[in-house]
Amino acid sequence: MNFKDRVFLSDVLGDYIPSFNYLVILLNQYSKQDLIEKNDELSLIFLINQLQSFSEFHDLKDIPKEYTEHLTEDTPDYLLKIIGKVIAVLLHKLNVPDEEVYEVTDQITRRKFSMMFDNFQAYDVQETRRVSREEGRLEGRIEGERAGRIEGERLHLIKQVIKRIELQYSVNQIAESLLEPLDIIQPIYDIALQQGSDYDANLILDELNSKNIQ
């Protein structure tokens, strides 16, 4: 349980390795009510970590209003960002769709804890991706009459990139969440930033076409 014991060649480099003990917390010894009574930021992380499947997340909507109000009022901004990142990791381990993870973490950093629980939807990630592809094809047929199905799908992709830019994600995070190569996302990202805050998906598409960027 000591960090030094987990480091390779610690017997040789012992004087230069930080030495501290891990504190193991057995979460199954705490009920949801026990953690709520703690009324602090760490208890929220523990509540998320107790979940066995992403469908259980919606059950957290019954948390008392006073609990989320305390987190909203007293938690400093830097700690909100850390909480958001930790919870994102925990939700990804539960196979929660990326879109849901970003919605949750965005509500945390904007101090909308109660909405975080109410808006969460429990659905299978593979089915979500299939539906998303179908929606992309549909939008391609509607909006892409001028240039065909491919143009419509590109327009849908551009809109997804814009949405994530507005949530302040990096270009690498956007590419990862959309399961697209970075060289596809980077030109869209660069053109969008040149527009300032008034993003226009159609103008971005036109500029990509004018530069013959695939």
# chains A, B, ... in the order shown; residues from 1 in each chain; ligands from 1
call {"tool": "residues_around", "arguments": {"residues": "A:Asp190", "least_positions_apart": "2", "cutoff": "12 Å", "atoms": "only C-alpha atoms", "output": "JSON, numbers by chain"}}
result
{"A": [158, 161, 162, 165, 170, 171, 182, 183, 184, 185, 186, 187, 188, 192, 193, 194, 195, 196, 199, 204, 207, 208]}
call {"tool": "atom_distance", "arguments": {"atom1": "atom CA of A:Asn202", "atom2": "atom CA of A:Leu155"}}
result
7.0 Å
call {"tool": "atom_distance", "arguments": {"atom1": "atom CA of A:Asp34", "atom2": "atom CA of A:Lys65"}}
result
15.8 Å
call {"tool": "closest_residue", "arguments": {"among": "A:Gly14, A:Lys159, A:Gln50, A:Arg110", "to": "A:Leu27", "atoms": "only C-alpha atoms"}}
result
A:Gln50
call {"tool": "atom_distance", "arguments": {"atom1": "atom CA of A:Thr105", "atom2": "atom CA of A:Val24"}}
result
25.8 Å
call {"tool": "residues_around", "arguments": {"residues": "stretch 82-93 of chain A", "least_positions_apart": "3", "cutoff": "7 Å", "atoms": "only C-alpha atoms", "output": "tab-separated table (two decimals) with C-alpha atoms, in the first residue's frame"}}
result
chain	number	residue	atom	x	y	z
A	45	ILE	CA	-17.37	11.18	-7.06
A	48	ILE	CA	-20.74	7.98	-9.43
A	49	ASN	CA	-18.09	5.35	-8.78
A	78	TYR	CA	-10.81	24.69	-10.36
A	79	LEU	CA	-12.31	21.86	-8.30
A	96	VAL	CA	-21.65	5.81	-21.49
A	101	VAL	CA	-20.45	12.34	-20.91
A	105	THR	CA	-19.35	17.39	-17.44
A	108	ILE	CA	-20.89	20.29	-13.70
A	109	THR	CA	-18.56	23.10	-14.76
call {"tool": "closest_residue", "arguments": {"among": "A:Arg164, A:Arg111, A:Lys4, A:Arg154", "to": "A:Asp77", "atoms": "only C-alpha atoms"}}
result
A:Arg111
call {"tool": "decode", "arguments": {"residues": "stretch 36-86 of chain A", "atoms": "N, CA and C atoms", "output": "JSON list (two decimals), in the first residue's frame"}}
result
[["chain", "number", "residue", "atom", "x", "y", "z"],
["A", 36, "ILE", "N", -24.46, 10.89, 0.69],
["A", 36, "ILE", "CA", -25.16, 12.16, 0.59],
["A", 36, "ILE", "C", -24.98, 12.98, 1.86],
["A", 37, "GLU", "N", -24.99, 12.30, 2.99],
["A", 37, "GLU", "CA", -24.83, 13.00, 4.27],
["A", 37, "GLU", "C", -23.44, 13.62, 4.42],
["A", 38, "LYS", "N", -22.46, 13.11, 3.68],
["A", 38, "LYS", "CA", -21.12, 13.72, 3.70],
["A", 38, "LYS", "C", -21.18, 15.14, 3.13],
["A", 39, "ASN", "N", -22.03, 15.33, 2.12],
["A", 39, "ASN", "CA", -22.31, 16.66, 1.57],
["A", 39, "ASN", "C", -21.05, 17.39, 1.09],
["A", 40, "ASP", "N", -20.20, 16.67, 0.38],
["A", 40, "ASP", "CA", -19.00, 17.32, -0.15],
["A", 40, "ASP", "C", -18.70, 16.80, -1.56],
["A", 41, "GLU", "N", -17.66, 17.38, -2.18],
["A", 41, "GLU", "CA", -17.35, 17.05, -3.56],
["A", 41, "GLU", "C", -16.92, 15.59, -3.72],
["A", 42, "LEU", "N", -16.15, 15.09, -2.75],
["A", 42, "LEU", "CA", -15.66, 13.72, -2.85],
["A", 42, "LEU", "C", -16.81, 12.72, -2.81],
["A", 43, "SER", "N", -17.84, 13.04, -2.05],
["A", 43, "SER", "CA", -18.99, 12.13, -1.97],
["A", 43, "SER", "C", -19.68, 12.00, -3.33],
["A", 44, "LEU", "N", -19.69, 13.08, -4.12],
["A", 44, "LEU", "CA", -20.28, 13.01, -5.45],
["A", 44, "LEU", "C", -19.51, 12.04, -6.33],
["A", 45, "ILE", "N", -18.20, 12.10, -6.27],
["A", 45, "ILE", "CA", -17.37, 11.18, -7.06],
["A", 45, "ILE", "C", -17.62, 9.74, -6.61],
["A", 46, "PHE", "N", -17.74, 9.53, -5.30],
["A", 46, "PHE", "CA", -18.01, 8.18, -4.79],
["A", 46, "PHE", "C", -19.37, 7.68, -5.26],
["A", 47, "LEU", "N", -20.36, 8.57, -5.28],
["A", 47, "LEU", "CA", -21.69, 8.19, -5.75],
["A", 47, "LEU", "C", -21.62, 7.69, -7.20],
["A", 48, "ILE", "N", -20.87, 8.38, -8.03],
["A", 48, "ILE", "CA", -20.74, 7.98, -9.43],
["A", 48, "ILE", "C", -19.97, 6.67, -9.53],
["A", 49, "ASN", "N", -18.94, 6.53, -8.71],
["A", 49, "ASN", "CA", -18.09, 5.35, -8.78],
["A", 49, "ASN", "C", -18.81, 4.09, -8.31],
["A", 50, "GLN", "N", -19.88, 4.25, -7.53],
["A", 50, "GLN", "CA", -20.65, 3.10, -7.07],
["A", 50, "GLN", "C", -21.53, 2.50, -8.17],
["A", 51, "LEU", "N", -21.79, 3.25, -9.22],
["A", 51, "LEU", "CA", -22.70, 2.80, -10.27],
["A", 51, "LEU", "C", -22.14, 1.56, -10.98],
["A", 52, "GLN", "N", -22.99, 0.59, -11.19],
["A", 52, "GLN", "CA", -22.58, -0.63, -11.88],
["A", 52, "GLN", "C", -22.88, -0.58, -13.38],
["A", 53, "SER", "N", -23.81, 0.27, -13.77],
["A", 53, "SER", "CA", -24.14, 0.43, -15.18],
["A", 53, "SER", "C", -24.63, 1.86, -15.39],
["A", 54, "PHE", "N", -24.55, 2.35, -16.65],
["A", 54, "PHE", "CA", -24.93, 3.74, -16.86],
["A", 54, "PHE", "C", -26.43, 3.95, -16.70],
["A", 55, "SER", "N", -27.23, 2.86, -16.73],
["A", 55, "SER", "CA", -28.67, 3.01, -16.52],
["A", 55, "SER", "C", -28.98, 3.43, -15.08],
["A", 56, "GLU", "N", -28.07, 3.15, -14.15],
["A", 56, "GLU", "CA", -28.28, 3.51, -12.76],
["A", 56, "GLU", "C", -28.07, 5.00, -12.51],
["A", 57, "PHE", "N", -27.43, 5.67, -13.44],
["A", 57, "PHE", "CA", -27.10, 7.08, -13.24],
["A", 57, "PHE", "C", -28.37, 7.92, -13.06],
["A", 58, "HIS", "N", -29.40, 7.57, -13.79],
["A", 58, "HIS", "CA", -30.63, 8.35, -13.73],
["A", 58, "HIS", "C", -31.27, 8.28, -12.34],
["A", 59, "ASP", "N", -30.96, 7.24, -11.57],
["A", 59, "ASP", "CA", -31.52, 7.11, -10.23],
["A", 59, "ASP", "C", -31.01, 8.21, -9.30],
["A", 60, "LEU", "N", -29.91, 8.84, -9.65],
["A", 60, "LEU", "CA", -29.35, 9.89, -8.81],
["A", 60, "LEU", "C", -30.19, 11.17, -8.84],
["A", 61, "LYS", "N", -31.21, 11.21, -9.70],
["A", 61, "LYS", "CA", -32.06, 12.40, -9.76],
["A", 61, "LYS", "C", -32.82, 12.61, -8.45],
["A", 62, "ASP", "N", -32.90, 11.58, -7.60],
["A", 62, "ASP", "CA", -33.62, 11.68, -6.33],
["A", 62, "ASP", "C", -32.76, 12.26, -5.22],
["A", 63, "ILE", "N", -31.53, 12.65, -5.52],
["A", 63, "ILE", "CA", -30.67, 13.26, -4.51],
["A", 63, "ILE", "C", -31.32, 14.55, -4.01],
["A", 64, "PRO", "N", -31.31, 14.80, -2.70],
["A", 64, "PRO", "CA", -31.94, 16.01, -2.15],
["A", 64, "PRO", "C", -31.40, 17.28, -2.78],
["A", 65, "LYS", "N", -32.27, 18.25, -2.95],
["A", 65, "LYS", "CA", -31.91, 19.52, -3.56],
["A", 65, "LYS", "C", -30.82, 20.21, -2.77],
["A", 66, "GLU", "N", -30.83, 20.08, -1.44],
["A", 66, "GLU", "CA", -29.85, 20.75, -0.59],
["A", 66, "GLU", "C", -28.43, 20.25, -0.90],
["A", 67, "TYR", "N", -28.31, 18.99, -1.29],
["A", 67, "TYR", "CA", -27.00, 18.43, -1.60],
["A", 67, "TYR", "C", -26.39, 19.11, -2.83],
["A", 68, "THR", "N", -27.17, 19.17, -3.91],
["A", 68, "THR", "CA", -26.64, 19.79, -5.12],
["A", 68, "THR", "C", -26.47, 21.30, -4.96],
["A", 69, "GLU", "N", -27.31, 21.94, -4.17],
["A", 69, "GLU", "CA", -27.16, 23.38, -3.93],
["A", 69, "GLU", "C", -25.86, 23.68, -3.22],
["A", 70, "HIS", "N", -25.49, 22.83, -2.28],
["A", 70, "HIS", "CA", -24.21, 23.03, -1.58],
["A", 70, "HIS", "C", -23.04, 22.94, -2.54],
["A", 71, "LEU", "N", -23.05, 21.95, -3.42],
["A", 71, "LEU", "CA", -21.98, 21.81, -4.40],
["A", 71, "LEU", "C", -21.94, 23.00, -5.35],
["A", 72, "THR", "N", -23.12, 23.48, -5.73],
["A", 72, "THR", "CA", -23.22, 24.61, -6.66],
["A", 72, "THR", "C", -22.66, 25.88, -6.05],
["A", 73, "GLU", "N", -22.93, 26.11, -4.78],
["A", 73, "GLU", "CA", -22.58, 27.39, -4.15],
["A", 73, "GLU", "C", -21.14, 27.43, -3.64],
["A", 74, "ASP", "N", -20.64, 26.30, -3.14],
["A", 74, "ASP", "CA", -19.39, 26.34, -2.38],
["A", 74, "ASP", "C", -18.18, 25.77, -3.09],
["A", 75, "THR", "N", -18.37, 25.07, -4.19],
["A", 75, "THR", "CA", -17.23, 24.43, -4.85],
["A", 75, "THR", "C", -16.50, 25.42, -5.77],
["A", 76, "PRO", "N", -15.19, 25.62, -5.58],
["A", 76, "PRO", "CA", -14.44, 26.55, -6.46],
["A", 76, "PRO", "C", -14.34, 26.03, -7.88],
["A", 77, "ASP", "N", -14.10, 26.94, -8.82],
["A", 77, "ASP", "CA", -14.09, 26.58, -10.24],
["A", 77, "ASP", "C", -13.06, 25.51, -10.58],
["A", 78, "TYR", "N", -11.86, 25.65, -10.01],
["A", 78, "TYR", "CA", -10.81, 24.69, -10.36],
["A", 78, "TYR", "C", -11.19, 23.28, -9.92],
["A", 79, "LEU", "N", -11.90, 23.17, -8.78],
["A", 79, "LEU", "CA", -12.31, 21.86, -8.30],
["A", 79, "LEU", "C", -13.45, 21.29, -9.14],
["A", 80, "LEU", "N", -14.31, 22.15, -9.65],
["A", 80, "LEU", "CA", -15.38, 21.70, -10.55],
["A", 80, "LEU", "C", -14.78, 21.04, -11.79],
["A", 81, "LYS", "N", -13.71, 21.63, -12.33],
["A", 81, "LYS", "CA", -13.08, 21.06, -13.52],
["A", 81, "LYS", "C", -12.48, 19.69, -13.22],
["A", 82, "ILE", "N", -11.88, 19.56, -12.04],
["A", 82, "ILE", "CA", -11.30, 18.26, -11.65],
["A", 82, "ILE", "C", -12.41, 17.23, -11.49],
["A", 83, "ILE", "N", -13.50, 17.62, -10.82],
["A", 83, "ILE", "CA", -14.62, 16.70, -10.63],
["A", 83, "ILE", "C", -15.17, 16.26, -11.99],
["A", 84, "GLY", "N", -15.31, 17.21, -12.91],
["A", 84, "GLY", "CA", -15.81, 16.89, -14.23],
["A", 84, "GLY", "C", -14.94, 15.87, -14.95],
["A", 85, "LYS", "N", -13.62, 16.02, -14.85],
["A", 85, "LYS", "CA", -12.71, 15.09, -15.51],
["A", 85, "LYS", "C", -12.77, 13.71, -14.88],
["A", 86, "VAL", "N", -12.83, 13.66, -13.55],
["A", 86, "VAL", "CA", -12.89, 12.37, -12.86],
["A", 86, "VAL", "C", -14.18, 11.64, -13.21]]
